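**Student:** Sharing a structure below in structure tokens format, with a few things to ask.
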Amino acid sequence: LGYKKDEDTPWVVLSKTYNVGDVVEATIVGMTAFGAFANIIPGIDGLIHISQIANQRIEKPDDVLTKGQVVKCEITDIDYDKKIQEKIEVETKKASEDNLKAGKAFLDSNAKKEGVVTTKSGLQYRVIKQGEGPKAQKGDIISVTYKGSTIDGKVFDEQSKPVDFPLDNMIQGWIEGIQLMNVGSEFELVIPPELGYGENAVGQLIQPNSVLVFDVTLVNAKKPEEKKPADDKDVK
């Protein structure tokens with residue numbers, strides 16, 4: 001076992017060797033989703049992650065532990081963090097595969113709805129309100145109101161007042177979809193994962209391979225302001 005402080009690059013190895021099966025007394029100083037943090041070596045600022053207490057895996061630390069409690073801890077696996085990471089990777093892969101199947105079914109069903117157009121890239125859009133202003137173009141600064149949700153209706157982002165974004169900095173589904181809109185238009189954009197965040201999770205609600213649904217109103221689109229060259233008299 002070892003510890004590290006934020007400013008340390010390498011782990012500092014403790015002077016005493018700990019082995020699987022050793023029992024030590026520890027003071028609980030905090031709980032995590034997978035166990036508890038306990039200070040078992042007096043005088044050391046670092047905390048050692050205890051994943052099992054009294055030979056029992058902790059699923060909900062708050063149910064069995066309290067801060068300040070002194071317990072006897074048996075070291076059951078010094079590589080447990082690696083196993084946790086492997087478990088997370090397996091669960092993430094399964095969620096990614098499940099989302100891909102659910103997303104495809106949603107896109108197939110949505111494509112059959114009245115007014116829905118599917119582009120060559122796979123983007124789906126539906127005109128809710130057709131504006132009469134100019135169309136947005138690449139390089140524009142767009143002003144929009146929008147609501148973003150998952151296919152099960154959970155809202156992950158919403159802006160009821162206009163906000164400005166450089167169009168080129170948006171996800172590919174937005175870059176393509178916004179350029180189909182005239183200023184004043186309101187569209188529903190249904191974005192497949194390959195035009196969104198792909199296999200990446202974003203926040204708590206956007207999981208890997210998520211299909212995203214946006215209700216977007218294009219309030220304005222304008223070219224970015226060009227920086228004026230400094231006058232000679234301003235140059236020192």
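Residues in the structure tokens are named by chain (A, B, ... in the order shown) and by number from 1 within that chain; ligands are numbered from 1 in the order shown.
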Please build the interface table for range 85-126 of chain A against range 194-203 of chain A with a cut-off of 9 Å, listing for each qualifying residue the nearest atom pair and the distance in Å to one decimal; count only C-alpha atoms, order rows by chain and increasing number, and write it as CSV.

**Tutor:**
residue,atom,partner,partner_atom,distance
A:Ser96,CA,A:Glu199,CA,6.9
A:Ser121,CA,A:Leu195,CA,8.2
A:Gly122,CA,A:Leu195,CA,8.2
A:Leu123,CA,A:Leu195,CA,7.5

**Student:** Within 10 Å of range 186-191 of chain A, counting only C-alpha atoms, which residues qualify if same-chain residues fewer than 3 places away don't, as an MDAnalysis selection string?

**Tutor:** chainID A and resid 103 106:107 110:111 116:118 121:131 144:151 171:174 176:178 180:183 194:197 210:219

**Student:** Output the selection as a compact mmCIF listing (two decimals), in the first residue's frame - N, CA and C atoms for each residue.

**Tutor:**
# COMPACT_ATOMS: atom_id res chain seq x y z
N GLY A 103 -31.11 3.37 -29.73
CA GLY A 103 -31.06 4.54 -30.59
C GLY A 103 -31.46 4.22 -32.02
N PHE A 106 -35.17 3.86 -32.20
CA PHE A 106 -35.81 5.17 -32.12
C PHE A 106 -35.72 5.90 -33.45
N LEU A 107 -34.53 5.88 -34.07
CA LEU A 107 -34.34 6.56 -35.35
C LEU A 107 -35.21 5.94 -36.45
N ASN A 110 -38.76 7.09 -35.72
CA ASN A 110 -38.93 8.54 -35.93
C ASN A 110 -38.92 8.90 -37.41
N ALA A 111 -38.14 8.16 -38.20
CA ALA A 111 -38.04 8.44 -39.63
C ALA A 111 -39.37 8.29 -40.34
N VAL A 116 -40.86 14.33 -41.00
CA VAL A 116 -39.46 14.08 -40.65
C VAL A 116 -38.65 13.80 -41.91
N VAL A 117 -37.52 14.49 -42.04
CA VAL A 117 -36.63 14.31 -43.17
C VAL A 117 -35.32 13.73 -42.64
N THR A 118 -34.81 12.71 -43.33
CA THR A 118 -33.53 12.11 -42.96
C THR A 118 -32.50 12.48 -44.03
N SER A 121 -26.43 11.99 -44.16
CA SER A 121 -25.55 11.68 -43.02
C SER A 121 -26.25 10.88 -41.92
N GLY A 122 -27.59 10.88 -41.97
CA GLY A 122 -28.35 10.21 -40.92
C GLY A 122 -29.06 11.17 -39.97
N LEU A 123 -28.76 12.47 -40.10
CA LEU A 123 -29.46 13.47 -39.30
C LEU A 123 -30.94 13.48 -39.67
N GLN A 124 -31.79 13.59 -38.67
CA GLN A 124 -33.23 13.72 -38.90
C GLN A 124 -33.68 15.09 -38.41
N TYR A 125 -34.54 15.73 -39.20
CA TYR A 125 -35.07 17.02 -38.76
C TYR A 125 -36.54 17.15 -39.15
N ARG A 126 -37.22 17.98 -38.38
CA ARG A 126 -38.64 18.27 -38.64
C ARG A 126 -38.85 19.77 -38.45
N VAL A 127 -39.48 20.41 -39.43
CA VAL A 127 -39.74 21.85 -39.35
C VAL A 127 -40.96 22.09 -38.48
N ILE A 128 -40.75 22.79 -37.39
CA ILE A 128 -41.87 23.17 -36.51
C ILE A 128 -42.40 24.53 -36.93
N LYS A 129 -41.46 25.44 -37.24
CA LYS A 129 -41.83 26.77 -37.72
C LYS A 129 -40.79 27.20 -38.75
N GLN A 130 -41.25 27.65 -39.90
CA GLN A 130 -40.33 28.07 -40.96
C GLN A 130 -40.09 29.58 -40.87
N GLY A 131 -38.85 29.98 -40.68
CA GLY A 131 -38.51 31.39 -40.64
C GLY A 131 -38.30 31.96 -42.02
N VAL A 144 -29.31 31.24 -30.47
CA VAL A 144 -30.35 30.22 -30.44
C VAL A 144 -30.98 30.09 -29.05
N THR A 145 -32.20 29.58 -29.05
CA THR A 145 -32.79 29.01 -27.84
C THR A 145 -33.00 27.53 -28.15
N TYR A 146 -32.93 26.68 -27.13
CA TYR A 146 -33.01 25.25 -27.42
C TYR A 146 -33.32 24.45 -26.16
N LYS A 147 -33.74 23.23 -26.41
CA LYS A 147 -33.90 22.22 -25.35
C LYS A 147 -33.34 20.92 -25.87
N GLY A 148 -32.43 20.31 -25.11
CA GLY A 148 -31.84 19.04 -25.51
C GLY A 148 -32.29 17.93 -24.58
N SER A 149 -32.69 16.81 -25.15
CA SER A 149 -33.17 15.69 -24.32
C SER A 149 -32.72 14.37 -24.91
N THR A 150 -32.77 13.33 -24.09
CA THR A 150 -32.47 11.98 -24.53
C THR A 150 -33.74 11.37 -25.12
N ILE A 151 -33.61 10.19 -25.71
CA ILE A 151 -34.78 9.60 -26.37
C ILE A 151 -35.85 9.17 -25.39
N ILE A 171 -21.33 20.31 -32.18
CA ILE A 171 -21.27 18.93 -32.66
C ILE A 171 -21.72 18.88 -34.11
N GLN A 172 -21.33 17.84 -34.82
CA GLN A 172 -21.57 17.77 -36.26
C GLN A 172 -23.06 17.84 -36.59
N GLY A 173 -23.90 17.25 -35.77
CA GLY A 173 -25.34 17.28 -36.02
C GLY A 173 -25.90 18.68 -36.00
N TRP A 174 -25.36 19.52 -35.11
CA TRP A 174 -25.77 20.93 -35.08
C TRP A 174 -25.23 21.68 -36.29
N GLU A 176 -24.58 20.68 -39.23
CA GLU A 176 -25.38 20.37 -40.42
C GLU A 176 -26.80 20.89 -40.29
N GLY A 177 -27.43 20.63 -39.14
CA GLY A 177 -28.84 20.98 -38.96
C GLY A 177 -29.10 22.47 -38.96
N ILE A 178 -28.25 23.25 -38.29
CA ILE A 178 -28.46 24.70 -38.21
C ILE A 178 -28.36 25.34 -39.58
N LEU A 180 -29.47 24.23 -42.23
CA LEU A 180 -30.72 24.01 -42.96
C LEU A 180 -31.79 25.03 -42.56
N MET A 181 -31.51 25.81 -41.53
CA MET A 181 -32.51 26.70 -40.93
C MET A 181 -32.34 28.14 -41.38
N ASN A 182 -33.47 28.79 -41.64
CA ASN A 182 -33.49 30.24 -41.82
C ASN A 182 -33.66 30.89 -40.45
N VAL A 183 -33.13 32.07 -40.29
CA VAL A 183 -33.34 32.81 -39.05
C VAL A 183 -34.85 32.95 -38.81
N GLU A 194 -23.14 9.17 -34.04
CA GLU A 194 -21.95 9.49 -34.86
C GLU A 194 -21.91 10.96 -35.25
N LEU A 195 -23.03 11.68 -35.11
CA LEU A 195 -23.06 13.12 -35.37
C LEU A 195 -23.13 13.91 -34.07
N GLY A 196 -23.10 13.18 -32.94
CA GLY A 196 -23.16 13.81 -31.64
C GLY A 196 -21.87 13.61 -30.87
N TYR A 197 -21.99 12.88 -29.75
CA TYR A 197 -20.81 12.65 -28.90
C TYR A 197 -20.25 11.25 -29.04
N SER A 210 -25.44 7.78 -27.42
CA SER A 210 -26.78 8.33 -27.22
C SER A 210 -27.28 9.07 -28.46
N VAL A 211 -28.54 8.83 -28.81
CA VAL A 211 -29.24 9.65 -29.79
C VAL A 211 -29.77 10.87 -29.03
N LEU A 212 -29.57 12.06 -29.59
CA LEU A 212 -29.96 13.29 -28.93
C LEU A 212 -31.08 13.98 -29.69
N VAL A 213 -32.03 14.55 -28.95
CA VAL A 213 -33.17 15.25 -29.55
C VAL A 213 -33.12 16.71 -29.12
N PHE A 214 -33.07 17.60 -30.09
CA PHE A 214 -33.01 19.04 -29.80
C PHE A 214 -34.20 19.75 -30.44
N ASP A 215 -34.83 20.63 -29.68
CA ASP A 215 -35.78 21.60 -30.22
C ASP A 215 -35.02 22.92 -30.26
N VAL A 216 -34.75 23.42 -31.48
CA VAL A 216 -33.89 24.59 -31.65
C VAL A 216 -34.62 25.69 -32.41
N THR A 217 -34.52 26.91 -31.88
CA THR A 217 -34.99 28.09 -32.61
C THR A 217 -33.78 28.95 -32.96
N LEU A 218 -33.62 29.25 -34.24
CA LEU A 218 -32.51 30.09 -34.69
C LEU A 218 -32.95 31.55 -34.63
N VAL A 219 -32.44 32.26 -33.65
CA VAL A 219 -32.83 33.65 -33.43
C VAL A 219 -32.07 34.59 -34.36

**Student:** Nearest to Asn209 in chain A among A:Ser143, A:Asn99, A:Gln159, A:Asn169, with distances taken over only C-alpha atoms: which residue is it?

**Tutor:** A:Asn99

**Student:** CA of Glu132 in chain A to CA of Lys222 in chain A: how many Å, to one decimal?

**Tutor:**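 Here the two named atoms are 15.2 Å from each other.
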
**Student:** Could you check which of A:Lys135, A:Asp140, A:Val70, A:Ile28 is closest to Glu225 in chain A, using only C-alpha atoms?

**Tutor:**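 Of all the options, A:Asp140 lies closest to Glu225 in chain A.
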
**Student:** I need the helix (DSSP H, G or I) residues of range 144-181 of chain A per DSSP on the backbone, written as a list of chain:residue names.

**Tutor:**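 Those residues are A:Leu167, A:Asp168, A:Asn169, A:Gln172, A:Gly173, A:Trp174, A:Ile175, A:Glu176, A:Gly177, A:Ile178.
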
**Student:** Do you have the CA of Ala221 in chain A-CA of Asp168 in chain A distance handy?

**Tutor:** 12.4 Å
